[in-house]
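Enquirer: Once you've had a glance at the structure underneath, I'll fire off some questions.
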Amino acid sequence: MRRKVTIQSIADFTGLSKFAVSRALSGKPGVSTQTRDMIFKAAGQLGYFKDSTTVQPPGELIDLDARKWSGTILILFPNIRYQNPDSLYWGPLFNGISTRLDQRGINVLTLTEPKDDSMFSLLNPEAIMGVITVGSISTPILAEIRSLGIPVMMVDHYDPSFPCDSIFTDNLSCMRELMNLVIKKGYRNYQFLGNIRDAQSFYERFLVFRASLEDNEIELKQNPSLNGPEIDNFRETFTAAVTEHGLPEVFVCANDIYALFALETMEIMGMPVPDNLVFTGFDNTHPNLPFLATVNVNKQLLGTRAVDHMLWRILNPGTSYEKILIQADLIVRD
């Protein structure tokens with residue numbers, strides 16, 4: 001039997017005092033944001049939150065159509081540049097969410113994650129039946145939602161300190177299909193391009209990239225700066241990397257946008273794209289870019305299914321959490 005995770009065991013794991021851990025987990029002041037984040041992540045890794053998760057006893061599950069819907073669902077966006085309803089990726093996904101909620105007669109409330117104020121000082125939590133998070137929401141905000149007991153559905157994000165339902169593109173299968181295609185064409189020199197700390201999906205794509213090279217006995221020569229560039233410093237990071245180390249045969253990009261940034265940076269550098277250099281993308285947000293291949297993610301379907309499962313969770317609050325994977329299509333170009 002697994003031993004129960006206690007405040008003391010988290011304190012021992014982090015090297016912090018039991019007092020600090022207790023205040024952080026209860027949302028009380030006196031603990032810095034950085035320390036609070038570390039405590040929540042450690043608690044999640046140790047399984048602290050699973051100990052308090054109630055499991056619905058076996059029985060008949062309630063279907064979505066068992067009730068007539070009304071009320072409000074909050075759509076929460078992160079306070080991160082490029083992750084908003086105007087994005088070529090997040091925009092269609094948000095349309096899928098809002099269209100489905102409208103079909104069910106449910107009101108949509110959108111909010112960008114606040115930097116300083118308590119999120120629920122801006123609105124009444126009792127008026128919100130559920131929260132759908134879109135992208136990378138910070139751990140303290142998730143902790144605040146947890147304290148209110150509001151059901152949460154995460155889209156394209158994972159936080160070990162916050163067990164809940166989530167939905168992703170099937171990054172592992174799709175990236176494996178893409179890598180098999182490129183490797184069969186005989187390329188041997190690869191670089192992954194994109195910050196794998198920005199999103200769980202980027203990290204999963206990098207894991208498959210690395211495993212695919214290993215499975216085919218291709219040496220991994222990854223430049224660490226290229227799988228960790230911050231968006232705002234991308235141009236400087238990319239320029240320094242290719243100036244010092246040269247170009248690979250293939251840039252496997254975390255998404256189409258990173259490929260776009262790379263091509264724009266090469267143009268600014270006055271560096272023509274050689275005939276033996278190819279790019280692969282992901283998400284299919286820039287169909288006019290010269291990709292060897294990309295992956296067409298059905299963004300609207302991600303939003304639609306997120307709503308369906310959010311409503312199912314409201315009706316079946318005690319069942320085990322689920323991770324839903326949506327298959328995507330590989331698009332091969334010249």
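By order in the structure tokens, chains are A, B, ...; within a chain, residues start at 1; ligands start at 1, following the order shown.
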Could you give me the residues within stretch 63-222 of chain A that DSSP places in alpha helix (DSSP H), as a PyMOL selection string?
Expert: chain A and resi 90-103+139-148+171-184+200-215
Enquirer: Using only C-alpha atoms, determine which residues lie at most 12 Å from A:Thr99, disregarding the query and same-chain residues fewer than 2 positions distant; provide the list as a PDB file with N, CA and C atoms, in the first residue's frame.
Expert:
ATOM      1  N   PRO A  92      -8.799  29.272 -33.700  1.00  0.00           N
ATOM      2  CA  PRO A  92      -9.752  28.232 -34.097  1.00  0.00           C
ATOM      3  C   PRO A  92     -10.152  27.319 -32.937  1.00  0.00           C
ATOM      4  N   LEU A  93      -9.218  27.061 -32.033  1.00  0.00           N
ATOM      5  CA  LEU A  93      -9.543  26.226 -30.870  1.00  0.00           C
ATOM      6  C   LEU A  93     -10.581  26.919 -29.996  1.00  0.00           C
ATOM      7  N   PHE A  94     -10.397  28.219 -29.775  1.00  0.00           N
ATOM      8  CA  PHE A  94     -11.368  28.981 -28.994  1.00  0.00           C
ATOM      9  C   PHE A  94     -12.726  29.005 -29.695  1.00  0.00           C
ATOM     10  N   ASN A  95     -12.716  29.093 -31.026  1.00  0.00           N
ATOM     11  CA  ASN A  95     -13.976  29.060 -31.769  1.00  0.00           C
ATOM     12  C   ASN A  95     -14.708  27.734 -31.538  1.00  0.00           C
ATOM     13  N   GLY A  96     -13.941  26.635 -31.482  1.00  0.00           N
ATOM     14  CA  GLY A  96     -14.547  25.344 -31.200  1.00  0.00           C
ATOM     15  C   GLY A  96     -15.200  25.311 -29.826  1.00  0.00           C
ATOM     16  N   ILE A  97     -14.532  25.917 -28.839  1.00  0.00           N
ATOM     17  CA  ILE A  97     -15.083  25.970 -27.480  1.00  0.00           C
ATOM     18  C   ILE A  97     -16.349  26.809 -27.443  1.00  0.00           C
ATOM     19  N   LEU A 101     -20.300  25.622 -26.666  1.00  0.00           N
ATOM     20  CA  LEU A 101     -21.020  26.139 -25.514  1.00  0.00           C
ATOM     21  C   LEU A 101     -22.305  26.843 -25.949  1.00  0.00           C
ATOM     22  N   ASP A 102     -22.245  27.559 -27.059  1.00  0.00           N
ATOM     23  CA  ASP A 102     -23.433  28.229 -27.574  1.00  0.00           C
ATOM     24  C   ASP A 102     -24.498  27.204 -27.973  1.00  0.00           C
ATOM     25  N   GLN A 103     -24.061  26.092 -28.575  1.00  0.00           N
ATOM     26  CA  GLN A 103     -25.005  25.031 -28.943  1.00  0.00           C
ATOM     27  C   GLN A 103     -25.719  24.466 -27.722  1.00  0.00           C
ATOM     28  N   ARG A 104     -25.019  24.442 -26.597  1.00  0.00           N
ATOM     29  CA  ARG A 104     -25.602  23.906 -25.360  1.00  0.00           C
ATOM     30  C   ARG A 104     -26.361  24.956 -24.552  1.00  0.00           C
ATOM     31  N   GLY A 105     -26.348  26.208 -25.018  1.00  0.00           N
ATOM     32  CA  GLY A 105     -27.044  27.253 -24.294  1.00  0.00           C
ATOM     33  C   GLY A 105     -26.304  27.751 -23.069  1.00  0.00           C
ATOM     34  N   ILE A 106     -24.977  27.617 -23.087  1.00  0.00           N
ATOM     35  CA  ILE A 106     -24.147  28.008 -21.943  1.00  0.00           C
ATOM     36  C   ILE A 106     -23.403  29.295 -22.275  1.00  0.00           C
ATOM     37  N   ASN A 107     -23.354  30.208 -21.323  1.00  0.00           N
ATOM     38  CA  ASN A 107     -22.654  31.477 -21.517  1.00  0.00           C
ATOM     39  C   ASN A 107     -21.140  31.269 -21.492  1.00  0.00           C
ATOM     40  N   VAL A 108     -20.437  32.095 -22.277  1.00  0.00           N
ATOM     41  CA  VAL A 108     -18.975  32.039 -22.344  1.00  0.00           C
ATOM     42  C   VAL A 108     -18.405  33.290 -21.690  1.00  0.00           C
ATOM     43  N   GLN A 300     -10.296  23.133 -34.022  1.00  0.00           N
ATOM     44  CA  GLN A 300     -11.676  23.331 -33.602  1.00  0.00           C
ATOM     45  C   GLN A 300     -12.213  22.091 -32.878  1.00  0.00           C
ATOM     46  N   LEU A 301     -11.810  20.915 -33.338  1.00  0.00           N
ATOM     47  CA  LEU A 301     -12.246  19.683 -32.674  1.00  0.00           C
ATOM     48  C   LEU A 301     -11.700  19.604 -31.252  1.00  0.00           C
ATOM     49  N   GLY A 303     -11.252  22.070 -29.256  1.00  0.00           N
ATOM     50  CA  GLY A 303     -12.122  22.914 -28.448  1.00  0.00           C
ATOM     51  C   GLY A 303     -13.476  22.281 -28.193  1.00  0.00           C
ATOM     52  N   THR A 304     -14.045  21.664 -29.227  1.00  0.00           N
ATOM     53  CA  THR A 304     -15.353  21.034 -29.091  1.00  0.00           C
ATOM     54  C   THR A 304     -15.319  19.893 -28.081  1.00  0.00           C
ATOM     55  N   ARG A 305     -14.308  19.039 -28.182  1.00  0.00           N
ATOM     56  CA  ARG A 305     -14.212  17.890 -27.276  1.00  0.00           C
ATOM     57  C   ARG A 305     -13.885  18.334 -25.846  1.00  0.00           C
ATOM     58  N   ALA A 306     -13.156  19.450 -25.709  1.00  0.00           N
ATOM     59  CA  ALA A 306     -12.877  19.979 -24.370  1.00  0.00           C
ATOM     60  C   ALA A 306     -14.177  20.352 -23.667  1.00  0.00           C
ATOM     61  N   VAL A 307     -15.090  20.974 -24.403  1.00  0.00           N
ATOM     62  CA  VAL A 307     -16.383  21.347 -23.817  1.00  0.00           C
ATOM     63  C   VAL A 307     -17.184  20.098 -23.450  1.00  0.00           C
ATOM     64  N   ASP A 308     -17.248  19.143 -24.366  1.00  0.00           N
ATOM     65  CA  ASP A 308     -18.021  17.923 -24.107  1.00  0.00           C
ATOM     66  C   ASP A 308     -17.553  17.243 -22.817  1.00  0.00           C
TER      67      ASP A 308
END
Enquirer: Give the answer as one residue: which of A:Ala199, A:Leu148, A:Ala24, A:Ala42 has the shortest atom-to-atom distance to A:Asp12, using only C-alpha atoms?
Expert: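 Closest candidate: A:Ala42.
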Enquirer: When you look at A:Thr72 with a cut-off of 8 Å (counting only C-alpha atoms), what residues show up, excluding the ones that are within fewer than 2 positions of it in the same chain? I need them as a list of chain:residue names.
Expert: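 Counting only the stated atoms, we get A:Ser70, A:Leu74, A:Ile106, A:Asn107, A:Val108, A:Leu109, A:Ala127, A:Ile128, A:Met129, A:Gly130.
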Enquirer: So that I can check the secondary structure, give me every residue of stretch 59-292 of chain A assigned strand (DSSP E) by backbone DSSP, as a PyMOL selection string.
Expert: chain A and resi 72-77+107-112+130-134+152-155+165-169+190-193+250-253+278-280
